[in-house]
Amino acid sequence: MQYIKRLLDVYIALQALFALSWGFSDTEPGPVAGSQSNGDRFKIEGRAVVPGVKTQDWISTARILVEGEEYVGFLKTDGSFAVNDVPSGSYVVEIVSPSFRFDPVRVDITSKGKMRARLVNYIKTSEVLRQPYPLQIRSGGPHTYFMKRETWGWTDFLMNPMVMMMVLPLLIIVLLPKVVNTNDPEMRKEMEQSMNMLNPNPELPDVSELMTKLFSKGSSKSGGGTKGSRSVALKRR
Amino acid sequence: MAWLVVRLAISLSLLYTASAVFEDQVGKFDWREQFIGKVRFALFDTHSQASKKLLVATDKNVFASLNSRTGDLFWRHVDKTGPEGHIDALLMYGQDAVVVVGNGRLLRSWETTVGGLKWEAVLDTGSFQAAALIGVQDFVKYVAVLKKSAISLHDLSSGSQIWVENLPDSDTVQYQTIYSGGNGLVFVLGFVPSSHIVIVEYKIEDGEIMKKKSVEAAWMSSLENSCAVISSGNLLCVDQTTQSLYTLPLQSAEHTEMRQIHLQTLDLEVASGFQPVLTSTQPNPAQPPLAEFFLQLSPDHHILLQLKDDLIAPLRDFNPSYLAAFATSGEKTVAAVMTPKNDTACSINLFSADTGRRHLDTTIIYHMDPNGGKPNRLYVHAFLKKDDSVGYRVMVQTEDLTLTFLQQPGRVVWMREEALADVVTMEMVDLPLTGTQAELEGEFGKKADGLLPMVLKRLSSQFILLQAWMAHLWKLFYDARKPRSSVKNEVTIDTLSRDEFNLQKMMVMVTASGKLFGIDSKSGTVLWKQYLEDIKPDSIFKLIVQRTTAHFPHPPQCTLLIKDKDTGLGSLYVFNPIFGKKSHISVPALPRPVLQTLLLPVIDQDYAKVLLLIDDQYKVTAFPSTKNVLQQLQDTASSVFFYLVDSSQGKLSGFRLRMDLSTELIWEVVIPTEVQKIVAVKGKRANEHVHSQGRVMGDRSVLYKYLNPNLLAVITESTDIHQERSFVGIFLIDGVTGRIVHEAVQRKARGPVHFVHSENWLVYVYWNSKFRRNEFSVLELFEGAELYNSTVFSSLDRPHPPQVLQQSYIFPAPISTLEATLTEKGITSRHLLVGLPSGSILSLPKMFLDPRRPELISEQSREENLIPYAPEMPIRTEWFINYNQTVSRVRGIYTAPSGLESTCLVVVYGLDIYQTRVFPSKQFDVLKDDYDYVLISSVLFGLFFATMISKRLAEVKLLNRAWR
């Protein structure tokens with residue numbers, strides 16, 4: 001037993017020498033997990049908190065997953081956790097729970113066993129935004145799994161722009177004649193004037209009338225069709 | 001900038017989200033069943049009388065607490081797969097359960113009420129042998145773990161190591177058992193095969209070796225099952241060759257050899273070739289075990305014996321008896337024995353352990369499932385009744401992994417089908433039509449026999465339909481009067497019928513243990529089960545639907561090919577998937593290993609599709625092989641091609657069928673095994689429909705898809721696993737001509753590769769070892785702006801290679817499986833279903849995996865509804881189709897089309913089974929669940945009355961005007 005321990009010590013020392021080449025100053029992370037099988041094994045520790053919820057209500061369904069399901073840990077009754085037997089490397093540590101949301105954390109372990117935690121950034125993988133180690137993971141609240149149903153309410157209906165566009169002119173049509181006294185001759189004159197103002201040149205022949213005349217002649221010859229019916233409608237107007 | 005693009009993409013994706021669950025849909029069409037696997041250890045919580053806990057540890061590395069009244073899970077902890085999560089031992093004391101995990105690597109103590117960890121201790125490496133609770137002065141304080149070369153003692157309340165000691169001569173002696181009788185000493189028992197037994201005595205306080213002795217035992221071959229410690233430290237062993245029992249008091253110094261008792265003197269004999277088993281019981285770890293023990297002499301013969309004053313006396317002989325177990329409640333220890341009653345039932349009786357007398361009125365009748373296996377484990381929960389007599393319940397585990405919990409006098413309290421924890425493959429089969437529907441269908445199938453009889457027949461069948469409808473209405477009315485809870489929608493095999501949208505189907509599931517299940521997809525009820533005996537572990541299964549339910553008078557037919565892993569020899573099992581009955585069809589014998597199976601669209605006169613089986617000499621066997629089929633095969637032989645994969649030699653070869661059912665090699669592609677190895681080969685699904693031939697571009701031109709039904713996707717991985725040099729290779733090979741259509745290499749990548757091959761695209765996921773992230777890559781194949789041959793696709797006539805577009809994305813999570821949705825006509829947009837290790841199933845729109853996603857938004861790309869490129873794929877919890885119903889260890893996702901174009905049926909299996917429906921383009925062909933009937937009808941009525949009133953008012957006004 002003693003012999004094994006000594007051997008391990010020697011090994012660690014060798015590893016340490018090796019590790020000098022890539023320390024924490026090195027932003028490009030080290031070897032891939034799993035490629036070292038006979039190296040030292042380390043422990044990732046931390047604590048998870050769901051604010052406002054007792055630990056016994058959620059820990060039985062939660063797990064700690066390190067790099068997928070490569071290493072699995074469980075939560076203690078006080079919310080702390082430890083994942084054992086993890087070789088050196090860089091891992092994404094995630095607490096999965098069907099009810100609460102936790103942000104993943106990347107944990108780097110050197111071959112000496114030095115640990116650091118940082119934010120997971122998949123796009124800029126070498127960016128280091130330090131997180132506390134041992135991990136302190138707070139839940140961001142419950143998961144939102146469901147979409148809200150579109151409910152129907154009067155306010156929603158009335159505030160709809162289409163409805164507003166329909167209703168407002170209607171109100172104007174109905175209410176304006178009531179507000180403005182049309183029997184007043186002065187007012188009538190004024191309105192007529194304004195109508196003439198709208199019509200830019202009364203001498204110019206009206207296009208629509210021209211078309212009506214033209215098509216009513218044509219329709220009588222060709223005998224109907226869609227255009228004819230339209231012209232009839234126009235005539236009526 | 002990138003952030004902005006991501007933001008934009010997410011906001012855009014919001015517009016396109018389709019597959020999301022609404023809260024009121026929970027449990028409406030989805031269900032989940034949770035499983036644990038084959039039980040290896042089960043302990044009843046006898047801490048208090050009212051406790052309902054049953055702790056189990058299984059071969060699936062699951063540690064769970066079951067409610068013994070209902071069989072439901074209180075909680076369940078799923079550890080890592082493989083030997084590192086393997087549960088070696090389960091011990092329980094009071095509220096705490098101590099578990100040894102990973103070949104003695106971890107020692108965990110669980111708080112069983114909450115389901116949380118109390119403490120966890122890492123032990124030294126070394127192969128695990130045994131673990132035991134150690135008591136001192138009536139209190140259990142420690143747990144001892146015996147490894148191959150060391151023993152360690154841990155405090156039960158904190159997990160801290162008290163001491164660890166090396167075992168003497170551990171290189172020659174095999175230490176296997178620990179024993180402690182609560183007197184401050186721990187005995188470690190080991191033996192040297194065919195030589196002697198070694199007994200080492202440790203002091204509990206400091207691990208000092210008090211005594212060490214070796215006793216002659218030349219006959220010894222194993223300690224574990226053939227030896228036991230009984231009544232205040234007597235070692236008892238049984239040996240088959242010498243037909244004798246041996247006893248040795250552990251503590252006394254003067255005994256240097258074991259006392260031999262011939263079994264003949266007890267009128268007993270061990271059955272030849274059977275390794276006898278001794279079972280003792282130690283109700284309290286702080287006290288010595290009882291003097292009574294079971295001796296199993298043959299598979300169905302147990303005997304209860306007692307050691308008293310150095311004499312062994314039989315208390316009761318149980319011949320025949322299948323299983324025997326001890327149980328303790330309070331001060332009383334009882335023995336439950338299962339004896340066969342008749343061919344289909346067993347009876348379990350309770351006997352008092354110290355006298356062997358039978359307790360009155362304690363019989364439990366256990367009915368064996370005729371389609372199941374034999375019982376092989378018995379777990380007894382004994383409790384004290386109010387009148388101080390002992391009552392009990394039993395849990396029986398059978399060979400086919402059914403757990404049955406029984407109560408007196410034989411009532412099945414609950415049942416669990418744990419074989420379903422290991423589903424290997426599955427298929428969904430349409431349900432048959434009802435009698436009346438079939439009647440109507442049958443009318444079309446028959447030849448016309450005159451006008452009048454046809455009219456009469458139609459009238460009569462319409463009348464039957466009317467009758468059925470009236471009956472249905474009456475039932476609705478009748479049920480409506482009853483309170484809702486009492487109306488049961490029990491699904492039985494007789495009431496099964498297809499619903500109008502074909503949403504309910506039969507799930508045929510094949511499990512690794514060789515048990516087949518038929519499950520109703522709507523409710524999850526097991527409708528039939530069939531245990532196939534003599535299936536070797538690790539067999540390979542392939543399930544083929546040869547005839548669907550569409551050919552009415554003929555029953556549907558499924559064929560299961562079972563292939564032995566080592567020899568490759570296969571056998572066929574043909575059955576009816578609706579009723580689970582074995583079909584009596586002559587099955588071809590398969591004397592040679594089967595390499596490949598091929599389901600042809602050729603149909604025999606009974607509408608069964610023809611299955612071709614290719615053996616290792618490239619000979620083809622057809623099933624069914626009637627004359628009609630052989631004739632048809634000869635006609636079509638020239639257009640039947642198949643491929644074989646030999647991953648050990650890195651060889652892909654294509655064959656063609658000859659008229660005489662022999663084969664000829666057409667092409668061969670060799671992928672050198674020194675550099676890379678083939679990991680997977682997949683074609684497209686045969687039942688997949690592609691609705692549109694091309695994609696309409698922003699400028700109104702059409703980009704035609706390259707829809708080659710013979711295309712194979714071959715995935716390779718490099719043999720060099722160094723992170724700088726490893727790669728993943730993708731080959732797209734035409735299965736008929738062997739032409740490599742496209743080749744792609746993903747550098748600095750490694751597996752596991754998950755991929756989906758469908759329509760004109762291939763989506764695959766790999767691990768980018770440089771940036772340590774998962775990446776999705778999509779390949780899409782297009783013919784271009786013109787179709788070469790728009791009527792038919794032929795692999796032999798393809799002068800132009802397809803245009804290949806590719807794009808890759810970062811996926812911010814690990815992946816366990818990948819599958820694509822499938823609908824009836826292929827009109828609905830596709831989604832990818834991604835199984836995550838957390839147990840969630842993400843429904844990812846294929847729209848995000850489109851190689852034409854532009855980096856810069858243009859007018860045309862907006863016209864095409866292309867989402868601008870963003871490197872990171874979004875994961876939104878709203879897209880989890882199984883909300884909080886997580887599925888542990890997803891192994892496969894099965895998708896099947898339903899009768900509704902919008903709806904795809906999804907079954908996720910792994911440790912759990914989850915069934916749901918997904919609507920990738922929303923439910924465009926049915927009214928929404930929340931369709932507001934009240935609003936629409938009130939508006940309609942309002943309008944109706946408004947017109948009535950205004951009409952009346954108008955009339956009045958007209959009349960008034962006329963009068964004026």
# chains A, B, ... in the order shown; residues from 1 in each chain; ligands from 1

$ select_by_dssp --residues "stretch 115-216 of chain A" --states "helix (DSSP H, G or I)" --output "PyMOL selection string"
chain A and resi 154-159+161-179+185-198+207-216

$ interface_residues --of "chain A" --to "chain B" --cutoff "9 Å" --atoms "only C-alpha atoms" --output "MDAnalysis selection string"
chainID A and resid 1 29 31:32 35 55:57 59:63 65 67:79 81:82 84:85 90:91 95:99 121:126 143:152

$ select_by_dssp --residues "stretch 313-383 of chain B" --states "strand (DSSP E)" --output "PyMOL selection string"
chain B and resi 313-318+323-329+332-340+345-352+364-367+375-383

$ write_last_selection --atoms "N, CA and C atoms" --output "short mmCIF file (atom, residue, chain, number, x, y, z; two decimals), in the first residue's frame"
data_model
loop_
_atom_site.label_atom_id
_atom_site.label_comp_id
_atom_site.auth_asym_id
_atom_site.auth_seq_id
_atom_site.Cartn_x
_atom_site.Cartn_y
_atom_site.Cartn_z
N ALA B 313 -30.03 -30.76 12.52
CA ALA B 313 -31.27 -31.52 12.45
C ALA B 313 -32.19 -30.89 11.42
N PRO B 314 -32.79 -31.68 10.54
CA PRO B 314 -33.75 -31.11 9.58
C PRO B 314 -35.03 -30.71 10.29
N LEU B 315 -35.51 -29.49 9.97
CA LEU B 315 -36.77 -29.04 10.55
C LEU B 315 -37.93 -29.36 9.63
N ARG B 316 -37.72 -29.07 8.35
CA ARG B 316 -38.79 -29.37 7.40
C ARG B 316 -38.20 -29.51 6.01
N ASP B 317 -38.71 -30.49 5.31
CA ASP B 317 -38.24 -30.75 3.96
C ASP B 317 -39.27 -30.19 2.98
N PHE B 318 -38.81 -29.36 2.05
CA PHE B 318 -39.73 -28.81 1.05
C PHE B 318 -39.39 -29.43 -0.29
N LEU B 323 -38.58 -21.72 -4.56
CA LEU B 323 -37.84 -20.62 -3.94
C LEU B 323 -38.10 -20.61 -2.45
N ALA B 324 -37.13 -20.12 -1.70
CA ALA B 324 -37.30 -20.00 -0.27
C ALA B 324 -36.58 -18.74 0.19
N ALA B 325 -37.15 -18.04 1.15
CA ALA B 325 -36.52 -16.82 1.64
C ALA B 325 -36.90 -16.59 3.09
N PHE B 326 -36.01 -15.94 3.81
CA PHE B 326 -36.27 -15.58 5.21
C PHE B 326 -36.78 -14.15 5.28
N ALA B 327 -37.53 -13.84 6.30
CA ALA B 327 -37.92 -12.46 6.55
C ALA B 327 -38.10 -12.30 8.04
N THR B 328 -37.84 -11.08 8.52
CA THR B 328 -37.93 -10.84 9.96
C THR B 328 -38.81 -9.64 10.22
N SER B 329 -39.63 -9.76 11.19
CA SER B 329 -40.39 -8.61 11.66
C SER B 329 -40.33 -8.62 13.17
N LYS B 332 -39.63 -11.82 15.42
CA LYS B 332 -39.99 -13.09 14.76
C LYS B 332 -39.37 -13.20 13.39
N THR B 333 -38.79 -14.34 13.13
CA THR B 333 -38.25 -14.60 11.80
C THR B 333 -39.06 -15.73 11.19
N VAL B 334 -39.44 -15.49 9.96
CA VAL B 334 -40.24 -16.49 9.26
C VAL B 334 -39.54 -16.88 7.96
N ALA B 335 -39.98 -17.98 7.42
CA ALA B 335 -39.45 -18.42 6.13
C ALA B 335 -40.63 -18.59 5.18
N ALA B 336 -40.50 -18.01 3.99
CA ALA B 336 -41.55 -18.18 2.99
C ALA B 336 -41.02 -19.14 1.94
N VAL B 337 -41.83 -20.09 1.56
CA VAL B 337 -41.42 -21.10 0.59
C VAL B 337 -42.45 -21.17 -0.52
N MET B 338 -41.96 -21.14 -1.75
CA MET B 338 -42.85 -21.24 -2.89
C MET B 338 -42.81 -22.67 -3.42
N THR B 339 -43.98 -23.27 -3.44
CA THR B 339 -44.05 -24.65 -3.92
C THR B 339 -45.01 -24.70 -5.11
N PRO B 340 -44.73 -25.56 -6.06
CA PRO B 340 -45.64 -25.65 -7.22
C PRO B 340 -46.96 -26.27 -6.82
N ALA B 345 -49.96 -22.51 -11.45
CA ALA B 345 -49.98 -21.74 -10.21
C ALA B 345 -48.98 -22.31 -9.21
N CYS B 346 -48.53 -21.42 -8.33
CA CYS B 346 -47.66 -21.82 -7.24
C CYS B 346 -48.32 -21.34 -5.96
N SER B 347 -48.01 -21.99 -4.87
CA SER B 347 -48.51 -21.47 -3.61
C SER B 347 -47.32 -21.11 -2.73
N ILE B 348 -47.45 -20.01 -2.03
CA ILE B 348 -46.41 -19.55 -1.12
C ILE B 348 -46.95 -19.68 0.28
N ASN B 349 -46.18 -20.30 1.14
CA ASN B 349 -46.61 -20.47 2.52
C ASN B 349 -45.56 -19.93 3.47
N LEU B 350 -46.03 -19.61 4.66
CA LEU B 350 -45.15 -19.05 5.67
C LEU B 350 -44.90 -20.08 6.76
N PHE B 351 -43.66 -20.19 7.15
CA PHE B 351 -43.28 -21.14 8.19
C PHE B 351 -42.48 -20.41 9.24
N SER B 352 -42.63 -20.80 10.46
CA SER B 352 -41.82 -20.13 11.47
C SER B 352 -40.42 -20.72 11.40
N ILE B 364 -50.47 -17.85 -0.15
CA ILE B 364 -50.65 -16.92 -1.27
C ILE B 364 -50.55 -17.73 -2.54
N ILE B 365 -51.55 -17.59 -3.37
CA ILE B 365 -51.50 -18.31 -4.65
C ILE B 365 -50.89 -17.38 -5.68
N TYR B 366 -49.88 -17.85 -6.34
CA TYR B 366 -49.23 -17.07 -7.38
C TYR B 366 -49.49 -17.74 -8.72
N HIS B 367 -50.22 -17.02 -9.57
CA HIS B 367 -50.54 -17.57 -10.90
C HIS B 367 -49.43 -17.20 -11.86
N PRO B 375 -40.63 -18.14 -12.05
CA PRO B 375 -40.16 -17.24 -10.99
C PRO B 375 -38.73 -17.61 -10.59
N ASN B 376 -37.90 -16.60 -10.35
CA ASN B 376 -36.54 -16.94 -9.93
C ASN B 376 -36.06 -16.19 -8.69
N ARG B 377 -36.81 -15.21 -8.21
CA ARG B 377 -36.40 -14.56 -6.96
C ARG B 377 -37.65 -14.29 -6.14
N LEU B 378 -37.48 -14.39 -4.85
CA LEU B 378 -38.60 -14.17 -3.94
C LEU B 378 -38.14 -13.19 -2.87
N TYR B 379 -38.87 -12.10 -2.72
CA TYR B 379 -38.56 -11.12 -1.68
C TYR B 379 -39.77 -11.05 -0.75
N VAL B 380 -39.53 -11.18 0.53
CA VAL B 380 -40.63 -11.27 1.48
C VAL B 380 -40.64 -10.05 2.39
N HIS B 381 -41.78 -9.47 2.55
CA HIS B 381 -41.96 -8.38 3.50
C HIS B 381 -42.87 -8.88 4.62
N ALA B 382 -42.30 -9.15 5.77
CA ALA B 382 -43.08 -9.65 6.89
C ALA B 382 -43.43 -8.48 7.81
N PHE B 383 -44.59 -8.51 8.39
CA PHE B 383 -44.98 -7.47 9.34
C PHE B 383 -45.85 -8.09 10.42
#

$ residues_around --residues "A:Ile137" --least-positions-apart "2" --cutoff "9 Å" --atoms "only C-alpha atoms" --output "list in words"
Gly46, Arg47, Ala48, Val49, Val50, Ile95, Phe102, Asp103, Pro104, Val105, Leu135 and Ser139 of chain A

$ atom_distance --atom1 "atom CA of B:Met697" --atom2 "atom CA of B:Glu864"
6.2 Å

$ atom_distance --atom1 "atom CA of B:Ala870" --atom2 "atom CA of B:Pro854"
9.2 Å

$ atom_distance --atom1 "atom CA of B:Leu657" --atom2 "atom CA of B:Thr716"
27.7 Å

$ closest_residue --among "B:Gln260, B:Asn284, B:Asn103, B:Thr177" --to "B:Val140" --atoms "only C-alpha atoms"
B:Asn284
